[in-house]
Amino acid sequence: MADLDSAVVLGMADQAPDGIVITDREGLIRYWNRGAERIFGFAAADVTGRSLDVIIPERHRKRHQEGFDAAMERGSSKYGDADLLNVPALAADGRKLSIEFSVVLLSGPDGSPYCGAVVRDVTARRERERELMRRRDEATTA
């Protein structure tokens with residue numbers, strides 16, 4: 001794979017249907033692909049340089065910031081390669097989303113830390129799961 005041009009890899013990231021988001025040490029968005037635009041409804045130009053808080057519900061921001069700061073300080077995440085995180089998120093139009101994502105810590109050419117996430121919108125699936133549980137609960141109490 002060493003002979004694979006980095007432009008091809010970046011092209012894949014740009015075009016991926018899943019969201020790919022990269023933030024810097026301060027939690028400012030530095031990369032936002034087309035998948036992230038589709039999921040969250042924000043154009044990359046509108047979020048680049050802004051805080052990740054733009055997609056984090058208000059009540060989760062403090063906890064997220066504490067975890068983010070701790071990971072950046074340690075230089076590692078407490079989540080492993082196989083961990084898939086499930087959290088609520090916000091779309092540009094104010095809709096609440098359910099997302100799953102994996103997270104990796106990255107180093108820039110100068111050693112500066114970045115945090116990358118691959119994001120998938122699972123809102124419809126979570127709603128179906130809740131509906132099935134509601135029906136199951138109704139059936140058992142009937």
# chains A, B, ... in the order shown; residues from 1 in each chain; ligands from 1

$ residues_around --residues "Leu105 (chain A)" --least-positions-apart "5" --cutoff "12 Å" --atoms "only C-alpha atoms" --output "ChimeraX atom specification"
/A:21-25,68,71-81,111-118

$ select_by_dssp --residues "chain A" --states "strand (DSSP E or B)" --output "PyMOL selection string"
chain A and resi 19-24+28-32+51+85-90+96-107+113-121

$ closest_residue --among "A:Val104, A:Val47, A:Ala16, A:Leu4" --to "Arg30 (chain A)" --atoms "only C-alpha atoms"
A:Val47

$ closest_residue --among "A:Gly35, A:Arg63, A:Leu28, A:Asn86" --to "Gly49 (chain A)" --atoms "only C-alpha atoms"
A:Leu28

$ residues_around --residues "Val119 (chain A)" --least-positions-apart "6" --cutoff "10 Å" --atoms "only C-alpha atoms" --output "PDB file with C-alpha atoms, in the first residue's frame"
ATOM      1  CA  PRO A  17     -20.868   7.956   2.834  1.00  0.00           C
ATOM      2  CA  ASP A  18     -20.004   7.768   6.535  1.00  0.00           C
ATOM      3  CA  GLY A  19     -19.057  11.005   8.223  1.00  0.00           C
ATOM      4  CA  ILE A  20     -15.371  11.585   8.775  1.00  0.00           C
ATOM      5  CA  VAL A  21     -14.572  14.388  11.184  1.00  0.00           C
ATOM      6  CA  GLY A  35     -20.740  12.108   4.611  1.00  0.00           C
ATOM      7  CA  ALA A  36     -20.655  14.464   7.625  1.00  0.00           C
ATOM      8  CA  ILE A  39     -25.567  13.338   8.247  1.00  0.00           C
ATOM      9  CA  LEU A  84     -18.316   1.759  18.777  1.00  0.00           C
ATOM     10  CA  LEU A  85     -19.720   4.689  20.717  1.00  0.00           C
ATOM     11  CA  ASN A  86     -23.430   5.544  20.654  1.00  0.00           C
ATOM     12  CA  ILE A  99     -25.023   8.393  15.927  1.00  0.00           C
ATOM     13  CA  GLU A 100     -22.452   5.659  16.277  1.00  0.00           C
ATOM     14  CA  PHE A 101     -18.786   6.412  15.840  1.00  0.00           C
ATOM     15  CA  SER A 102     -15.313   5.083  16.302  1.00  0.00           C
ATOM     16  CA  VAL A 103     -12.531   7.392  17.414  1.00  0.00           C
TER      17      VAL A 103
END

$ atom_distance --atom1 "CA of Arg120 (chain A)" --atom2 "CA of Leu90 (chain A)"
13.1 Å
